[in-house]
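Structure file upload-v9.tsv with TSV, C-alpha atoms:
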```tsv
chain	number	residue	atom	x	y	z
A	70	MET	CA	-26.19	-0.61	13.95
A	71	GLN	CA	-23.86	1.57	11.89
A	72	GLU	CA	-21.61	-0.08	9.34
A	73	GLN	CA	-17.90	0.39	10.08
A	74	LEU	CA	-15.77	1.85	7.29
A	75	VAL	CA	-12.88	-0.53	6.64
A	76	ILE	CA	-9.83	1.62	5.92
A	77	GLY	CA	-7.30	-1.09	5.10
A	78	CYS	CA	-6.01	-4.49	6.09
A	79	PRO	CA	-6.78	-5.39	9.71
A	80	THR	CA	-3.53	-4.55	11.53
A	81	ASP	CA	-3.74	-7.58	13.82
A	82	GLU	CA	-3.55	-9.84	10.75
A	83	ILE	CA	-0.64	-8.34	8.80
A	84	VAL	CA	2.72	-9.87	7.95
A	85	ARG	CA	5.61	-8.70	10.14
A	86	THR	CA	8.65	-10.15	8.33
A	87	LYS	CA	10.34	-8.89	5.16
A	88	GLU	CA	10.62	-12.40	3.74
A	89	SER	CA	6.93	-13.22	4.14
A	90	ALA	CA	5.87	-9.82	2.81
A	91	ALA	CA	8.12	-10.19	-0.25
A	92	ALA	CA	6.69	-13.64	-1.04
A	93	LEU	CA	3.04	-12.59	-0.58
A	94	LEU	CA	3.49	-9.34	-2.52
A	95	ILE	CA	4.39	-11.13	-5.78
A	96	GLY	CA	1.46	-10.99	-8.19
A	97	LYS	CA	-1.08	-8.55	-9.56
A	98	TRP	CA	-3.02	-6.19	-7.29
A	99	GLU	CA	-6.09	-4.13	-8.18
A	100	TRP	CA	-6.62	-0.73	-6.56
A	101	ILE	CA	-9.91	-0.68	-4.66
A	102	LYS	CA	-9.89	2.70	-2.92
A	103	THR	CA	-7.87	5.43	-1.29
A	104	PHE	CA	-8.99	6.68	2.11
A	105	TYR	CA	-7.97	10.31	2.65
A	106	VAL	CA	-7.61	11.90	6.07
A	107	ASN	CA	-7.76	15.69	6.21
A	108	ARG	CA	-8.30	17.71	9.35
A	109	ALA	CA	-9.60	20.74	7.43
A	110	SER	CA	-12.08	19.09	5.07
A	111	GLY	CA	-12.77	15.75	6.77
A	112	ASN	CA	-12.25	12.20	5.59
A	113	SER	CA	-13.08	11.05	2.06
A	114	VAL	CA	-12.83	7.94	-0.08
A	115	GLU	CA	-11.75	7.78	-3.72
A	116	THR	CA	-12.61	4.71	-5.81
A	117	SER	CA	-12.25	3.78	-9.47
A	118	PHE	CA	-15.91	4.72	-9.90
A	119	SER	CA	-15.55	8.17	-8.34
A	120	SER	CA	-12.20	8.98	-9.99
A	121	GLY	CA	-12.37	7.19	-13.33
A	122	LYS	CA	-8.99	5.56	-12.54
A	123	GLN	CA	-8.18	1.90	-13.12
A	124	ILE	CA	-4.91	1.06	-11.34
A	125	THR	CA	-3.00	-2.20	-10.99
A	126	PHE	CA	0.35	-2.94	-9.40
A	127	GLU	CA	2.11	-6.10	-10.62
A	128	PHE	CA	4.93	-7.01	-8.27
A	129	LYS	CA	7.74	-9.22	-9.48
A	130	ALA	CA	10.79	-10.27	-7.45
A	131	ASP	CA	12.75	-7.09	-8.22
A	132	LYS	CA	10.35	-4.64	-9.87
A	133	VAL	CA	6.79	-3.38	-9.94
A	134	ILE	CA	4.77	-2.63	-13.07
A	135	VAL	CA	2.15	0.05	-12.44
A	136	THR	CA	-0.71	0.46	-14.90
A	137	GLU	CA	-3.01	3.46	-14.54
A	138	ASN	CA	-5.67	3.85	-17.23
A	139	ASN	CA	-3.52	1.90	-19.72
A	140	ILE	CA	-0.37	3.95	-19.01
A	141	VAL	CA	2.40	1.61	-17.87
A	142	THR	CA	5.40	2.53	-15.73
A	143	GLU	CA	8.02	0.26	-14.23
A	144	GLU	CA	10.40	0.74	-11.31
A	145	THR	CA	12.25	-1.22	-8.69
A	146	TYR	CA	11.24	-1.50	-5.05
A	147	GLU	CA	12.64	-2.66	-1.75
A	148	ILE	CA	11.03	-3.75	1.50
A	149	VAL	CA	12.74	-2.44	4.64
A	150	PHE	CA	11.94	-1.97	8.31
A	151	PHE	CA	10.62	1.38	9.48
A	152	ASP	CA	11.19	1.97	13.19
A	153	ILE	CA	8.31	3.83	14.80
A	154	ASN	CA	10.29	3.87	18.03
A	155	SER	CA	13.09	1.87	19.60
A	156	SER	CA	10.87	-1.07	20.55
A	157	GLN	CA	11.35	-4.15	18.36
A	158	ALA	CA	7.61	-4.85	18.63
A	159	GLU	CA	6.81	-1.46	17.10
A	160	GLN	CA	8.67	-2.06	13.84
A	161	GLU	CA	6.62	-1.73	10.67
A	162	LEU	CA	7.45	-2.82	7.15
A	163	LYS	CA	8.00	-0.07	4.61
A	164	ILE	CA	8.18	-0.26	0.84
A	165	ASN	CA	10.43	2.13	-1.08
A	166	PHE	CA	9.69	2.74	-4.76
A	167	ILE	CA	12.96	3.55	-6.53
A	168	ALA	CA	13.30	5.68	-9.68
A	169	GLU	CA	15.71	4.83	-12.51
A	170	THR	CA	18.13	7.38	-11.02
A	171	GLY	CA	18.39	5.24	-7.88
A	172	GLU	CA	16.59	7.79	-5.74
A	173	ILE	CA	13.65	6.79	-3.57
A	174	ARG	CA	10.62	8.23	-5.35
A	175	GLU	CA	8.05	7.27	-2.74
A	176	SER	CA	7.84	5.36	0.55
A	177	SER	CA	4.80	3.82	2.18
A	178	ILE	CA	4.23	1.75	5.28
A	179	LEU	CA	3.36	-1.71	3.97
A	180	HIS	CA	0.45	-3.69	5.38
A	181	ILE	CA	-0.16	-7.03	3.67
A	182	SER	CA	-2.56	-9.57	5.15
A	183	ILE	CA	-1.28	-12.94	6.34
A	184	LEU	CA	-3.54	-14.53	3.70
A	185	GLY	CA	-1.94	-12.40	0.97
A	186	ASP	CA	-5.26	-11.01	-0.25
A	187	CYS	CA	-5.24	-7.47	1.17
A	188	LEU	CA	-2.59	-4.80	0.60
A	189	THR	CA	-2.57	-1.31	2.10
A	190	LEU	CA	0.06	1.32	1.32
A	191	VAL	CA	-0.16	3.66	4.30
A	192	ASN	CA	0.66	7.25	3.36
A	193	SER	CA	-1.26	9.07	6.08
A	194	TYR	CA	0.19	10.49	9.25
A	195	ASP	CA	-1.92	11.82	12.11
A	196	ASP	CA	-4.48	13.97	10.32
A	197	ALA	CA	-3.29	14.15	6.71
A	198	GLY	CA	-2.59	11.89	3.74
A	199	GLY	CA	-4.15	8.97	1.93
A	200	ASP	CA	-3.93	5.19	2.28
A	201	LEU	CA	-4.21	3.07	-0.88
A	202	ASN	CA	-6.05	-0.24	-0.64
A	203	PHE	CA	-5.57	-3.12	-3.08
A	204	GLN	CA	-7.04	-6.58	-3.57
A	205	LYS	CA	-5.06	-9.44	-5.11
A	206	MET	CA	-6.28	-10.46	-8.56
A	207	ASN	CA	-6.64	-14.10	-9.56
```
Here is the file; what I need is its structure written in the form of structure tokens.
Amino acid sequence: MQEQLVIGCPTDEIVRTKESAAALLIGKWEWIKTFYVNRASGNSVETSFSSGKQITFEFKADKVIVTENNIVTEETYEIVFFDINSSQAEQELKINFIAETGEIRESSILHISILGDCLTLVNSYDDAGGDLNFQKMN
């Protein structure tokens, strides 16, 4: 039997409310891998071992501290709803990372497990992009 590649948090077990996501997001998260989708070159996985990167996101109530290989940056964030279509059931949570200028620097669909131990920032669409996977640190 072939082992299935786990891309991110199981989507049937993710938080669907802004309030629950905000509460579970607080804390320190370690980057595990990024799964890249590319129609031209195929799928690939980047890890700290393959890239030499050590990345953590520490979410506080109103800001996130990102550390990549001992370089620290800080910015604010907001959790909002992203409508895939008009159906209420199809709403996804999205996280906006906001620069000091007030402009949205980056947006990702936010998948956080109901147990608060798995975080996926979905940046892929159809056949391109990369999804970042994190594990909560103790």
Practice task
Could you jot down the atom CA of Leu201 of chain A to atom CA of Thr142 of chain A separation for me, Å, one decimal place?
Solution key: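 Interatomic distance, atom CA of Leu201 of chain A to atom CA of Thr142 of chain A: 17.7 Å.
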Handout entry: Computed interatomic separation between atom CA of Ser176 of chain A and atom CA of Glu147 of chain A (Å)
Key =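 Going from atom CA of Ser176 of chain A over to atom CA of Glu147 of chain A covers 9.6 Å.
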Exercise for the section: Around the point (9.2, -12.0, -3.9), in the coordinates given by the file, pick out the residues reaching within 12 Å, counting all atoms listed in the file, and return them as a ChimeraX atom specification. Expected result: /A:87-96,127-133,146-148
Problem - Proximity to Gly199 of chain A - best of A:Val84, A:Leu179, A:Val106, A:Ile140, all atoms listed in the file - result: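 Nearest to Gly199 of chain A: A:Val106.
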Practice task
Identify the residues around (-3.1, -6.2, -9.6) within a radius of 6 Å, measuring from only C-alpha atoms in the coordinates stated by the file, and give them as a list in words.
Solution key: Lys97, Trp98, Glu99, Thr125, Phe126, Glu127, Lys205 and Met206 of chain A
Please produce an output containing C-alpha atoms for each residue in the selection, written as a PDB file, in the frame of the given file.
```pdb
ATOM      1  CA  LYS A  97      -1.080  -8.550  -9.560  1.00  0.00           C
ATOM      2  CA  TRP A  98      -3.020  -6.190  -7.290  1.00  0.00           C
ATOM      3  CA  GLU A  99      -6.090  -4.130  -8.180  1.00  0.00           C
ATOM      4  CA  THR A 125      -3.000  -2.200 -10.990  1.00  0.00           C
ATOM      5  CA  PHE A 126       0.350  -2.940  -9.400  1.00  0.00           C
ATOM      6  CA  GLU A 127       2.110  -6.100 -10.620  1.00  0.00           C
ATOM      7  CA  LYS A 205      -5.060  -9.440  -5.110  1.00  0.00           C
ATOM      8  CA  MET A 206      -6.280 -10.460  -8.560  1.00  0.00           C
TER       9      MET A 206
END
```
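Interatomic distance, atom CA of Glu161 of chain A against atom CA of Ile101 of chain A: 22.6 Å.
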Handout entry: Ile173 of chain A environment, 10 Å, only C-alpha atoms, sequence neighbours closer than 4 positions dropped, as a PyMOL selection string
Key = chain A and resi 145-147+164-169
Exercise for the section: May I ask which of the residues A:Asn207, A:Thr189, A:Glu144, A:Thr86 is the closest one to Gly171 of chain A, counting only C-alpha atoms? Expected result: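 Distance minimum relative to Gly171 of chain A lands on A:Glu144.
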Problem - Residue nearest Trp100 of chain A - candidates A:Ser182, A:Thr80, A:Asn202, A:Ser177, atoms counted: only C-alpha atoms - result: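 Going through A:Ser182, A:Thr80, A:Asn202, A:Ser177 one by one, the smallest distance to Trp100 of chain A is for A:Asn202.
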Practice task
Find the residue from A:Lys122, A:Arg174, A:Lys163, A:Arg108 that sits nearest to Phe150 of chain A; use all atoms listed in the file when measuring.
Solution key: A:Lys163
Problem - Spatial neighbours of Asp200 of chain A, max dist 9 Å, all atoms listed in the file, sep filter under 3 positions, as a ChimeraX atom specification - result: /A:76-77,102-106,177,189-193
Practice task
Identify which of the residues A:His180, A:Asn112, A:Asn107, A:Phe203 lies closest to Ile124 of chain A, counting only C-alpha atoms when measuring atom-to-atom distances.
Solution key: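 Nearest to Ile124 of chain A: A:Phe203.
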